Amino acid sequence: MVKIIFIGGFLGFFALNTLQEKGLKAKGLETGGERPVAKWFFVLGKLSTLLCWAAAFAQAIGFNLRLIAVPPGFEAAAAGLFLCGFVVLWLAYRWLGDANTTGLPKAGTQLRTAGIYAYSRNPLYLGLYLMTAGAALYCGCVVVLALGIAAVAVHHRIVLAEEKFLLARFGPAYEAYKARVRRYI
């Protein structure tokens, strides 16, 4: 079951992302926004996340990347984190709807505060963090753990930059939202 979660989650994320983007493009909506940080930093975050998740996928299909023995139940806990992250990510995509972009939102985008966004200002990133933590722990490999830490650190910096943008774009509405809802949980 653990292996199915990692294989399905890895493939499911790409399917979800592709379907979301195709749906938006079919409506004539642009999905690429301006990056909130330098391009190299943005790419570093995406690449470290992808490599961490790919390592978990490789581990699940039989490539042993473990450098340490993992205690009983550890794999199940890691799979639970990964699965929870996928569910949070899916809910975030669902509630973001037409406003989903890679990078900063385009003009005319409304502030999303309903659904999962009523509990977390950044559920996409929260889901990404949970999936990354689950993947890194599942692998039991220092290199994959370092990739996971790098992914979370870079994406947290992206969140901070996006928050500045959202405050400038939405002003008092975002300030009130920020006072009501925590950054992650």
# chains A, B, ... in the order shown; residues from 1 in each chain; ligands from 1
>>> residues_around(residues="Tyr129 of chain A", least_positions_apart="3", cutoff="8 Å", atoms="only C-alpha atoms", output="list in words")
Gly85, Tyr125, Leu126, Thr132, Ala133 and Val152 of chain A
>>> closest_residue(among="A:Leu51, A:Ala161, A:Gly140, A:Leu130", to="Ala38 of chain A", atoms="only C-alpha atoms")
A:Ala161
>>> residues_around(residues="Phe86 of chain A", least_positions_apart="6", cutoff="7 Å", atoms="only C-alpha atoms", output="PyMOL selection string")
chain A and resi 9+127+131
>>> write_last_selection(atoms="N, CA and C atoms", output="mmCIF file, in the first residue's frame")
data_model
loop_
_atom_site.group_PDB
_atom_site.id
_atom_site.type_symbol
_atom_site.label_atom_id
_atom_site.label_comp_id
_atom_site.auth_asym_id
_atom_site.auth_seq_id
_atom_site.Cartn_x
_atom_site.Cartn_y
_atom_site.Cartn_z
ATOM 1 N N GLY A 9 0.741 8.972 -6.038
ATOM 2 C CA GLY A 9 0.858 10.397 -5.718
ATOM 3 C C GLY A 9 1.763 11.131 -6.688
ATOM 4 N N GLY A 127 0.664 21.645 0.917
ATOM 5 C CA GLY A 127 0.596 20.323 0.304
ATOM 6 C C GLY A 127 1.937 19.897 -0.261
ATOM 7 N N MET A 131 4.096 16.653 0.993
ATOM 8 C CA MET A 131 4.519 15.627 0.033
ATOM 9 C C MET A 131 6.042 15.493 0.028
#
>>> select_by_dssp(residues="segment 21-141 of chain A", states="helix (DSSP H, G or I)", output="ChimeraX atom specification")
/A:21-26,39-60,74-99,115-118,123-139
>>> residues_around(residues="Leu65 of chain A", least_positions_apart="4", cutoff="8 Å", atoms="only C-alpha atoms", output="ChimeraX atom specification")
/A:55,59,139-141
>>> write_last_selection(atoms="N, CA and C atoms", output="PDB file, in the first residue's frame")
ATOM      1  N   ALA A  55      12.849  10.616  -6.383  1.00  0.00           N
ATOM      2  CA  ALA A  55      13.587   9.641  -5.577  1.00  0.00           C
ATOM      3  C   ALA A  55      12.617   8.724  -4.834  1.00  0.00           C
ATOM      4  N   GLN A  59      12.315   4.787  -5.287  1.00  0.00           N
ATOM      5  CA  GLN A  59      12.342   3.879  -4.124  1.00  0.00           C
ATOM      6  C   GLN A  59      11.127   2.951  -4.158  1.00  0.00           C
ATOM      7  N   CYS A 139      12.528   7.868   1.676  1.00  0.00           N
ATOM      8  CA  CYS A 139      13.766   7.427   1.029  1.00  0.00           C
ATOM      9  C   CYS A 139      14.854   7.060   2.031  1.00  0.00           C
ATOM     10  N   GLY A 140      14.884   7.710   3.189  1.00  0.00           N
ATOM     11  CA  GLY A 140      15.922   7.399   4.174  1.00  0.00           C
ATOM     12  C   GLY A 140      17.317   7.640   3.640  1.00  0.00           C
ATOM     13  N   CYS A 141      17.467   8.712   2.877  1.00  0.00           N
ATOM     14  CA  CYS A 141      18.738   9.039   2.221  1.00  0.00           C
ATOM     15  C   CYS A 141      19.071  10.503   2.511  1.00  0.00           C
TER      16      CYS A 141
END
>>> residues_around(residues="segment 164-166 of chain A", least_positions_apart="3", cutoff="12 Å", atoms="only C-alpha atoms", output="PyMOL selection string")
chain A and resi 34-37+103-107+109-112+121-122+157-161+169-178
>>> write_last_selection(atoms="C-alpha atoms", output="PDB file, in the first residue's frame")
ATOM      1  CA  GLU A  34       5.726  36.599 -13.371  1.00  0.00           C
ATOM      2  CA  ARG A  35       8.088  34.812 -10.981  1.00  0.00           C
ATOM      3  CA  PRO A  36       8.246  36.420  -7.513  1.00  0.00           C
ATOM      4  CA  VAL A  37      11.968  35.565  -7.153  1.00  0.00           C
ATOM      5  CA  GLY A 103       4.109  32.684 -10.534  1.00  0.00           C
ATOM      6  CA  LEU A 104       2.236  35.811  -9.523  1.00  0.00           C
ATOM      7  CA  PRO A 105      -1.472  36.137 -10.371  1.00  0.00           C
ATOM      8  CA  LYS A 106      -2.491  38.235 -13.354  1.00  0.00           C
ATOM      9  CA  ALA A 107      -4.478  41.460 -13.100  1.00  0.00           C
ATOM     10  CA  THR A 109      -7.576  37.857 -10.256  1.00  0.00           C
ATOM     11  CA  GLN A 110      -9.695  37.825  -7.115  1.00  0.00           C
ATOM     12  CA  LEU A 111      -8.358  37.018  -3.668  1.00  0.00           C
ATOM     13  CA  ARG A 112      -9.350  33.448  -2.753  1.00  0.00           C
ATOM     14  CA  ARG A 121      -3.288  31.150   3.071  1.00  0.00           C
ATOM     15  CA  ASN A 122      -0.903  28.862   1.188  1.00  0.00           C
ATOM     16  CA  ARG A 157      11.042  32.366   0.259  1.00  0.00           C
ATOM     17  CA  ILE A 158       8.660  32.316  -2.718  1.00  0.00           C
ATOM     18  CA  VAL A 159       5.693  32.447  -0.306  1.00  0.00           C
ATOM     19  CA  LEU A 160       7.181  35.494   1.443  1.00  0.00           C
ATOM     20  CA  ALA A 161       7.662  37.257  -1.905  1.00  0.00           C
ATOM     21  CA  ARG A 169      -2.441  44.010  -5.007  1.00  0.00           C
ATOM     22  CA  PHE A 170      -5.310  43.505  -2.554  1.00  0.00           C
ATOM     23  CA  GLY A 171      -4.401  45.963   0.242  1.00  0.00           C
ATOM     24  CA  PRO A 172      -6.804  46.002   3.211  1.00  0.00           C
ATOM     25  CA  ALA A 173      -8.638  42.863   2.028  1.00  0.00           C
ATOM     26  CA  TYR A 174      -5.399  40.865   2.142  1.00  0.00           C
ATOM     27  CA  GLU A 175      -4.402  42.467   5.453  1.00  0.00           C
ATOM     28  CA  ALA A 176      -7.726  41.344   6.982  1.00  0.00           C
ATOM     29  CA  TYR A 177      -7.313  37.866   5.469  1.00  0.00           C
ATOM     30  CA  LYS A 178      -3.777  37.677   6.869  1.00  0.00           C
TER      31      LYS A 178
END
>>> residues_around(residues="Val70 of chain A", least_positions_apart="4", cutoff="9 Å", atoms="only C-alpha atoms", output="PyMOL selection string")
chain A and resi 66+74-75+138+140
>>> atom_distance(atom1="atom CA of Lys39 of chain A", atom2="atom CA of Leu167 of chain A")
22.0 Å
>>> atom_distance(atom1="atom CA of Gly73 of chain A", atom2="atom CA of Lys3 of chain A")
13.4 Å
>>> residues_around(residues="Trp53 of chain A", least_positions_apart="3", cutoff="12 Å", atoms="only C-alpha atoms", output="number ranges by chain")
A: 5-14, 46-50, 56-60, 79, 82, 86, 128-139, 144-145, 147-148, 151
>>> write_last_selection(atoms="C-alpha atoms", output="short mmCIF file (atom, residue, chain, number, x, y, z; two decimals), in the first residue's frame")
data_model
loop_
_atom_site.label_atom_id
_atom_site.label_comp_id
_atom_site.auth_asym_id
_atom_site.auth_seq_id
_atom_site.Cartn_x
_atom_site.Cartn_y
_atom_site.Cartn_z
CA ILE A 5 0.70 5.85 -2.41
CA PHE A 6 4.09 7.09 -3.60
CA ILE A 7 3.69 5.86 -7.17
CA GLY A 8 0.09 7.09 -7.42
CA GLY A 9 0.86 10.40 -5.72
CA PHE A 10 3.83 11.12 -7.96
CA LEU A 11 1.92 10.32 -11.15
CA GLY A 12 -1.29 11.84 -9.79
CA PHE A 13 0.37 15.18 -9.14
CA PHE A 14 1.54 15.47 -12.73
CA LYS A 46 11.09 23.28 -8.60
CA LEU A 47 14.05 21.05 -9.44
CA SER A 48 14.80 20.12 -5.82
CA THR A 49 11.12 19.27 -5.27
CA LEU A 50 10.92 17.17 -8.43
CA ALA A 56 10.53 8.46 -3.62
CA PHE A 57 9.01 7.18 -6.86
CA ALA A 58 12.26 5.33 -7.66
CA GLN A 59 12.34 3.88 -4.12
CA ALA A 60 8.72 2.73 -4.50
CA ALA A 79 3.29 7.66 3.08
CA PHE A 82 2.76 12.28 1.32
CA PHE A 86 -1.54 15.32 -2.09
CA LEU A 128 3.93 20.55 -1.49
CA TYR A 129 5.77 20.65 1.87
CA LEU A 130 3.91 17.62 3.22
CA MET A 131 4.52 15.63 0.03
CA THR A 132 8.20 16.60 0.06
CA ALA A 133 8.62 15.69 3.74
CA GLY A 134 6.94 12.34 3.14
CA ALA A 135 9.11 11.63 0.11
CA ALA A 136 12.35 12.59 1.88
CA LEU A 137 11.54 10.49 4.96
CA TYR A 138 10.44 7.52 2.85
CA CYS A 139 13.77 7.43 1.03
CA VAL A 144 17.15 13.25 -0.70
CA LEU A 145 16.60 14.81 2.73
CA LEU A 147 16.88 18.12 -1.52
CA GLY A 148 13.67 18.18 0.52
CA ALA A 151 12.79 22.60 -1.72
#
>>> atom_distance(atom1="atom CA of Ile149 of chain A", atom2="atom CA of Gly115 of chain A")
28.4 Å
>>> decode(residues="segment 69-175 of chain A", atoms="C-alpha atoms", output="compact mmCIF listing (two decimals), in the first residue's frame")
# COMPACT_ATOMS: atom_id res chain seq x y z
CA ALA A 69 17.58 1.32 8.09
CA VAL A 70 14.12 2.70 8.75
CA PRO A 71 12.16 1.59 11.82
CA PRO A 72 8.87 -0.32 11.45
CA GLY A 73 5.96 1.98 10.69
CA PHE A 74 8.27 4.68 9.36
CA GLU A 75 7.34 4.00 5.74
CA ALA A 76 3.63 4.16 6.60
CA ALA A 77 4.10 7.49 8.42
CA ALA A 78 6.02 8.90 5.43
CA ALA A 79 3.29 7.66 3.08
CA GLY A 80 0.67 9.28 5.33
CA LEU A 81 2.46 12.64 5.08
CA PHE A 82 2.76 12.28 1.32
CA LEU A 83 -0.91 11.34 0.92
CA CYS A 84 -2.10 14.17 3.19
CA GLY A 85 0.01 16.57 1.15
CA PHE A 86 -1.54 15.32 -2.09
CA VAL A 87 -5.07 15.79 -0.70
CA VAL A 88 -4.27 19.33 0.50
CA LEU A 89 -2.72 20.13 -2.89
CA TRP A 90 -5.77 18.76 -4.72
CA LEU A 91 -8.14 20.82 -2.55
CA ALA A 92 -6.03 23.93 -3.13
CA TYR A 93 -6.14 23.43 -6.90
CA ARG A 94 -9.89 22.88 -6.72
CA TRP A 95 -10.56 26.06 -4.73
CA LEU A 96 -8.09 28.17 -6.68
CA GLY A 97 -9.93 27.41 -9.90
CA ASP A 98 -9.28 29.84 -12.74
CA ALA A 99 -6.84 31.87 -10.63
CA ASN A 100 -4.16 29.15 -10.73
CA THR A 101 -0.89 30.36 -12.24
CA THR A 102 2.76 29.49 -12.01
CA GLY A 103 4.11 32.68 -10.53
CA LEU A 104 2.24 35.81 -9.52
CA PRO A 105 -1.47 36.14 -10.37
CA LYS A 106 -2.49 38.24 -13.35
CA ALA A 107 -4.48 41.46 -13.10
CA GLY A 108 -8.17 40.89 -12.49
CA THR A 109 -7.58 37.86 -10.26
CA GLN A 110 -9.69 37.82 -7.11
CA LEU A 111 -8.36 37.02 -3.67
CA ARG A 112 -9.35 33.45 -2.75
CA THR A 113 -10.45 33.09 0.87
CA ALA A 114 -13.05 30.29 0.78
CA GLY A 115 -12.73 26.52 1.01
CA ILE A 116 -9.31 25.34 2.10
CA TYR A 117 -8.09 28.94 1.77
CA ALA A 118 -10.19 29.76 4.86
CA TYR A 119 -7.78 27.55 6.87
CA SER A 120 -4.45 28.19 5.16
CA ARG A 121 -3.29 31.15 3.07
CA ASN A 122 -0.90 28.86 1.19
CA PRO A 123 -2.42 25.39 0.90
CA LEU A 124 -0.63 24.68 -2.39
CA TYR A 125 2.68 25.15 -0.63
CA LEU A 126 1.51 23.31 2.48
CA GLY A 127 0.60 20.32 0.30
CA LEU A 128 3.93 20.55 -1.49
CA TYR A 129 5.77 20.65 1.87
CA LEU A 130 3.91 17.62 3.22
CA MET A 131 4.52 15.63 0.03
CA THR A 132 8.20 16.60 0.06
CA ALA A 133 8.62 15.69 3.74
CA GLY A 134 6.94 12.34 3.14
CA ALA A 135 9.11 11.63 0.11
CA ALA A 136 12.35 12.59 1.88
CA LEU A 137 11.54 10.49 4.96
CA TYR A 138 10.44 7.52 2.85
CA CYS A 139 13.77 7.43 1.03
CA GLY A 140 15.92 7.40 4.17
CA CYS A 141 18.74 9.04 2.22
CA VAL A 142 20.69 12.11 3.35
CA VAL A 143 20.92 13.47 -0.21
CA VAL A 144 17.15 13.25 -0.70
CA LEU A 145 16.60 14.81 2.73
CA ALA A 146 18.88 17.70 1.71
CA LEU A 147 16.88 18.12 -1.52
CA GLY A 148 13.67 18.18 0.52
CA ILE A 149 15.02 20.81 2.89
CA ALA A 150 16.20 22.92 -0.06
CA ALA A 151 12.79 22.60 -1.72
CA VAL A 152 10.93 23.75 1.38
CA ALA A 153 13.39 26.61 2.05
CA VAL A 154 13.16 27.94 -1.51
CA HIS A 155 9.37 27.68 -1.63
CA HIS A 156 9.07 29.44 1.73
CA ARG A 157 11.04 32.37 0.26
CA ILE A 158 8.66 32.32 -2.72
CA VAL A 159 5.69 32.45 -0.31
CA LEU A 160 7.18 35.49 1.44
CA ALA A 161 7.66 37.26 -1.90
CA GLU A 162 4.12 36.36 -3.01
CA GLU A 163 2.71 37.73 0.24
CA LYS A 164 4.32 41.13 -0.43
CA PHE A 165 2.78 41.10 -3.90
CA LEU A 166 -0.67 40.11 -2.57
CA LEU A 167 -0.56 42.87 0.04
CA ALA A 168 0.25 45.42 -2.67
CA ARG A 169 -2.44 44.01 -5.01
CA PHE A 170 -5.31 43.50 -2.55
CA GLY A 171 -4.40 45.96 0.24
CA PRO A 172 -6.80 46.00 3.21
CA ALA A 173 -8.64 42.86 2.03
CA TYR A 174 -5.40 40.87 2.14
CA GLU A 175 -4.40 42.47 5.45
